[in-house]
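See below for input32.txt, which holds compact mmCIF, C-alpha atoms.
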# COMPACT_ATOMS: atom_id res chain seq x y z
CA MET S 1 99.71 91.35 102.70
CA LEU S 2 100.48 87.63 102.51
CA LYS S 3 103.79 86.40 103.98
CA LEU S 4 104.31 83.25 101.94
CA HIS S 5 107.81 82.70 103.29
CA GLY S 6 107.34 83.33 106.97
CA ASP S 7 107.66 86.28 109.27
CA ALA S 8 110.93 87.81 110.50
CA SER S 9 109.31 88.22 113.93
CA GLU S 10 108.98 84.40 114.03
CA PRO S 11 112.36 83.10 112.77
CA ASP S 12 111.25 79.46 112.74
CA THR S 13 108.71 80.25 110.03
CA VAL S 14 111.14 81.85 107.59
CA VAL S 15 111.79 79.88 104.39
CA LEU S 16 115.50 80.17 103.60
CA ASP S 17 117.09 76.91 102.51
CA ARG S 18 116.35 74.38 99.78
CA ARG S 19 114.84 71.94 102.28
CA SER S 20 112.28 74.58 103.29
CA PHE S 21 111.30 75.15 99.67
CA VAL S 22 110.92 71.42 99.02
CA ARG S 23 108.75 71.02 102.13
CA TYR S 24 106.68 74.10 101.26
CA ASP S 25 103.51 72.20 100.35
CA ALA S 26 103.63 70.14 103.51
CA GLU S 27 104.11 73.12 105.83
CA GLN S 28 102.74 76.20 104.07
CA ARG S 29 99.98 74.90 101.77
CA PRO S 30 97.16 76.99 103.36
CA LEU S 31 99.11 80.18 102.53
CA ALA S 32 99.57 78.94 98.98
CA ALA S 33 95.81 78.36 98.80
CA VAL S 34 95.21 82.01 99.74
CA LEU S 35 97.47 83.14 96.89
CA GLN S 36 95.72 80.88 94.40
CA ALA S 37 92.28 81.97 95.58
CA THR S 38 93.32 85.58 95.05
CA LEU S 39 94.58 84.77 91.55
CA LEU S 40 91.27 83.10 90.75
CA THR S 41 89.01 85.84 92.06
CA ARG S 42 90.95 89.12 91.82
CA HIS S 43 93.71 90.90 89.97
CA LEU S 44 96.91 90.27 91.97
CA PHE S 45 99.10 93.32 92.63
CA VAL S 46 102.74 92.42 93.35
CA VAL S 47 105.30 94.84 94.80
CA GLY S 48 108.81 94.03 96.01
CA ALA S 49 108.93 90.39 94.91
CA SER S 50 111.53 88.86 92.59
CA MET S 51 109.02 86.34 91.18
CA ASN S 52 111.88 83.81 90.97
CA ASP S 53 110.53 81.52 93.69
CA ASP S 54 109.85 78.03 92.30
CA ASN S 55 106.75 77.63 94.47
CA VAL S 56 105.24 80.95 93.36
CA ILE S 57 105.96 80.09 89.72
CA ARG S 58 104.19 76.73 90.14
CA LEU S 59 101.22 78.21 91.99
CA VAL S 60 100.65 80.92 89.39
CA HIS S 61 100.93 78.50 86.48
CA GLU S 62 98.51 76.04 88.10
CA VAL S 63 95.89 78.79 88.26
CA ALA S 64 96.69 79.95 84.72
CA VAL S 65 96.17 76.44 83.32
CA LEU S 66 92.89 76.05 85.23
CA LYS S 67 91.57 79.38 83.97
CA GLU S 68 92.64 78.65 80.38
CA LYS S 69 90.75 75.34 80.44
CA ARG S 70 87.64 77.20 81.55
CA GLY S 71 88.01 80.02 79.07
CA GLY S 72 89.08 82.60 81.63
CA LYS S 73 91.39 85.55 81.13
CA ALA S 74 95.07 84.73 80.90
CA GLU S 75 96.22 87.86 82.75
CA LEU S 76 96.18 87.26 86.50
CA GLY S 77 98.02 90.23 87.92
CA THR S 78 100.51 93.06 87.70
CA VAL S 79 104.08 93.20 88.99
CA VAL S 80 105.52 96.64 89.76
CA THR S 81 109.31 97.01 89.58
CA LEU S 82 111.79 99.83 90.11
CA GLN S 83 113.24 99.51 86.60
CA ASP S 84 112.34 97.80 83.34
CA ASP S 85 112.83 94.03 83.39
CA PRO S 86 112.07 92.90 79.83
CA LEU S 87 113.27 89.33 80.36
CA SER S 88 110.98 88.72 83.35
CA ALA S 89 108.12 90.47 81.57
CA GLU S 90 108.52 88.11 78.61
CA LEU S 91 108.83 85.04 80.82
CA TRP S 92 105.68 85.87 82.79
CA ALA S 93 103.50 87.01 79.88
CA PRO S 94 100.56 86.73 79.60
CA GLU S 95 99.88 85.70 83.22
CA LEU S 96 101.53 88.74 84.79
CA ARG S 97 101.99 92.22 83.35
CA TYR S 98 105.17 94.07 84.33
CA LEU S 99 105.15 97.81 85.02
CA SER S 100 108.19 99.91 85.91
CA VAL S 101 108.16 103.14 87.89
CA GLY S 102 111.77 103.98 87.01
CA GLY S 103 112.05 103.13 83.33
CA ALA S 104 114.96 101.39 81.67
CA ALA S 105 118.52 101.40 82.99
CA PRO S 106 121.00 103.39 80.86
CA SER S 107 123.53 101.33 78.90
CA GLU S 108 126.43 102.90 80.81
CA GLU S 109 125.98 104.01 84.39
CA THR S 110 128.25 104.52 87.39
CA VAL S 111 127.50 102.83 90.71
CA ASP S 112 126.64 106.20 92.28
CA LYS S 113 124.27 107.16 89.46
CA ARG S 114 122.56 103.78 89.62
CA SER S 115 122.13 104.13 93.36
CA ALA S 116 120.62 107.62 92.96
CA ARG S 117 118.32 106.39 90.18
CA MET S 118 117.06 103.47 92.26
CA VAL S 119 116.46 105.72 95.28
CA SER S 120 114.46 108.07 93.07
CA ALA S 121 112.48 105.14 91.63
CA ALA S 122 111.79 103.83 95.14
CA ARG S 123 110.45 107.25 96.12
CA GLU S 124 108.21 107.25 93.04
CA LEU S 125 106.95 103.82 94.06
CA ASP S 126 106.16 105.10 97.57
CA VAL S 127 104.14 107.97 96.09
CA PHE S 128 102.38 105.59 93.71
CA LEU S 129 101.43 103.19 96.54
CA ASP S 130 100.11 106.09 98.63
CA ARG S 131 97.95 107.10 95.68
CA VAL S 132 96.69 103.54 95.24
CA ALA S 133 95.83 103.40 98.94
CA GLN S 134 93.98 106.69 98.64
CA HIS S 135 91.86 105.33 95.79
CA ALA S 136 91.28 102.07 97.67
CA ALA S 137 89.90 104.01 100.63
CA ARG S 138 87.16 105.73 98.65
CA GLY S 139 84.83 107.76 100.76
CA THR S 140 87.52 108.28 103.39
CA ALA S 141 89.01 111.76 103.32
CA THR S 142 92.50 112.49 104.59
CA LEU S 143 92.27 116.21 105.35
CA MET S 144 92.71 115.79 109.13
CA ASP S 145 94.97 112.73 109.05
CA PRO S 146 98.52 113.83 110.02
CA ARG S 147 99.98 110.99 107.97
CA TYR S 148 98.89 112.85 104.83
CA SER S 149 99.74 116.37 105.96
CA ALA S 150 102.63 116.59 103.48
CA LEU S 151 100.12 116.24 100.64
CA ILE S 152 98.32 119.45 101.65
CA ARG S 153 100.10 122.15 99.66
CA ASP S 154 97.62 124.98 100.01
CA ASP S 155 98.13 127.21 103.10
CA ASP S 156 94.39 127.81 103.49
CA GLU S 157 93.70 124.07 103.45
CA ARG S 158 96.46 123.49 105.99
CA ARG S 159 94.98 126.10 108.35
CA THR S 160 91.53 124.61 107.85
CA ALA S 161 92.84 121.13 108.70
CA GLN S 162 94.44 122.49 111.89
CA LYS S 163 91.21 124.22 112.93
CA LEU S 164 89.22 121.06 112.23
CA ALA S 165 91.62 119.03 114.38
CA GLN S 166 91.13 121.54 117.22
CA LEU S 167 87.37 121.43 116.72
CA ARG S 168 87.43 117.64 116.91
CA SER S 169 89.16 117.70 120.29
CA TRP S 170 86.38 119.95 121.62
CA VAL S 171 83.62 117.87 120.07
CA GLU S 172 85.14 114.68 121.50
CA LYS S 173 84.84 116.14 124.99
CA TRP S 174 81.25 117.22 124.39
CA ALA S 175 80.41 113.80 122.91
CA THR S 176 81.51 112.00 126.06
CA SER S 177 79.70 114.16 128.59
CA GLY S 178 76.67 116.40 128.90
CA GLN S 179 73.03 116.03 128.08
CA HIS S 180 73.52 116.42 124.31
CA ALA S 181 76.34 113.86 124.06
CA GLU S 182 74.45 111.73 121.51
CA ASP S 183 74.04 114.69 119.16
CA TRP S 184 77.73 115.56 119.41
CA ARG S 185 78.66 111.97 118.56
CA ASP S 186 77.10 112.47 115.13
CA VAL S 187 79.31 115.52 114.63
CA LEU S 188 82.31 113.54 115.85
CA ASP S 189 81.58 110.78 113.33
CA ALA S 190 81.43 113.35 110.55
CA LEU S 191 84.81 114.76 111.55
CA ASP S 192 86.31 111.27 111.80
CA SER S 193 85.23 110.58 108.22
CA ALA S 194 87.71 113.30 107.26
CA GLY S 195 90.51 111.48 109.06
CA GLY S 196 89.92 113.06 112.46
CA SER S 197 90.20 109.75 114.30
CA SER S 198 93.85 109.57 113.24
CA ALA S 199 94.67 113.08 114.43
CA ASP S 200 96.08 111.88 117.76
CA SER S 201 97.73 108.69 116.49

Will you turn the file into structure tokens for me?
Amino acid sequence: MLKLHGDASEPDTVVLDRRSFVRYDAEQRPLAAVLQATLLTRHLFVVGASMNDDNVIRLVHEVAVLKEKRGGKAELGTVVTLQDDPLSAELWAPELRYLSVGGAAPSEETVDKRSARMVSAARELDVFLDRVAQHAARGTATLMDPRYSALIRDDDERRTAQKLAQLRSWVEKWATSGQHAEDWRDVLDALDSAGGSSADS
């Protein structure tokens, strides 16, 4: 996560007014360099950004021009939105591809219905991001991680996860004392690969 416009926990760093935007290169250039390096070497994944920032527009287009001159791919990343935004999608093509989790807005819609639709789309986005994170953490199971307990639908799996969490607490004690502590640490590592290390967090 790259905070191009400062951090709310450090108010002096937040970019809010026009003067801050104009002075962006002088004060925030290293952060801009991180964004451009990502655009050059990876596929950028954007969530929760308007993409209307003049500095971001400039930075993306600088990389796009450089890559075009060298015969690179025009598409640099994907922007995920809560609803279809055809105008932005057209403006950013081909550098950024727009994807919507909530589809297009109806032609006529009350304020309450729009609010409910956006809440539903936001929930879909949360689920989608959890799934992306799960794929990004390949090789790391989540069976014993309480943060993912809601994803375990099967009663047998839930009981198994609970028993494994209990087993881990025993193994942790054995792994920190006794003559066979080293052997138990191997077992503890195996349990932690299933999310056991997060069981008490």

| message | Just want the 12 Å neighbourhood of S:Leu129, counted on all atoms listed in the file, with same-chain residues fewer than 3 positions away dropped. Output as a list in words. | response |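 Contacts, in chain order: Phe45, Val46, Val47, Gly48, Val80, Val101, Ala122, Arg123, Glu124, Leu125, Asp126, Val132, Ala133, Gln134, His135 and Ala136 of chain S.
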
| query | Within 10 Å of (107.1, 83.7, 95.3), in the coordinates the file gives, what residues turn up when you count all atoms listed in the file, written out as a list in words? | reply |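 Using all atoms listed in the file, the matching residues come out as Lys3, Leu4, His5, Ala32, Leu35, Val46, Ala49, Ser50, Met51, Asn52, Asp53, Asp54, Asn55, Val56, Ile57, Arg58, Leu59 and Val60 of chain S.
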
Please dump the current selection as a PDB file, in the coordinates of the input; keep C-alpha atoms.
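Printed below is result_20.pdb as written:
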ATOM      1  CA  LYS S   3     103.790  86.400 103.980  1.00  0.00           C
ATOM      2  CA  LEU S   4     104.310  83.250 101.940  1.00  0.00           C
ATOM      3  CA  HIS S   5     107.810  82.700 103.290  1.00  0.00           C
ATOM      4  CA  ALA S  32      99.570  78.940  98.980  1.00  0.00           C
ATOM      5  CA  LEU S  35      97.470  83.140  96.890  1.00  0.00           C
ATOM      6  CA  VAL S  46     102.740  92.420  93.350  1.00  0.00           C
ATOM      7  CA  ALA S  49     108.930  90.390  94.910  1.00  0.00           C
ATOM      8  CA  SER S  50     111.530  88.860  92.590  1.00  0.00           C
ATOM      9  CA  MET S  51     109.020  86.340  91.180  1.00  0.00           C
ATOM     10  CA  ASN S  52     111.880  83.810  90.970  1.00  0.00           C
ATOM     11  CA  ASP S  53     110.530  81.520  93.690  1.00  0.00           C
ATOM     12  CA  ASP S  54     109.850  78.030  92.300  1.00  0.00           C
ATOM     13  CA  ASN S  55     106.750  77.630  94.470  1.00  0.00           C
ATOM     14  CA  VAL S  56     105.240  80.950  93.360  1.00  0.00           C
ATOM     15  CA  ILE S  57     105.960  80.090  89.720  1.00  0.00           C
ATOM     16  CA  ARG S  58     104.190  76.730  90.140  1.00  0.00           C
ATOM     17  CA  LEU S  59     101.220  78.210  91.990  1.00  0.00           C
ATOM     18  CA  VAL S  60     100.650  80.920  89.390  1.00  0.00           C
TER      19      VAL S  60
END

| query | Could you state the separation of atom CA of S:Asp186 and atom CA of S:Ser149 in Å, given to one decimal place? | reply |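 Here the two named atoms are 24.7 Å from each other.
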
| said: Using only C-alpha atoms, can you tell me which of S:Val65, S:Met144, S:Leu188, S:Ala8 comes closest to S:Lys173? | reply: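 Ranking S:Val65, S:Met144, S:Leu188, S:Ala8 by distance to S:Lys173, first place goes to S:Leu188.
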
| request: Would you kindly return, as a ChimeraX atom specification, each protein, DNA or RNA residue with an atom no farther than 10 Å from any atom of S:Ser100, considering all atoms listed in the file and excluding same-chain residues fewer than 5 positions away? | output: /S:79-85,121,125

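Around S:Gln162, within 10 Å and counting all atoms listed in the file, the residues found are Leu143, Met144, Pro146, Asp156, Glu157, Arg158, Gln166, Leu167, Arg168 and Ala199 of chain S, once anything fewer than 4 positions away on its own chain is removed.
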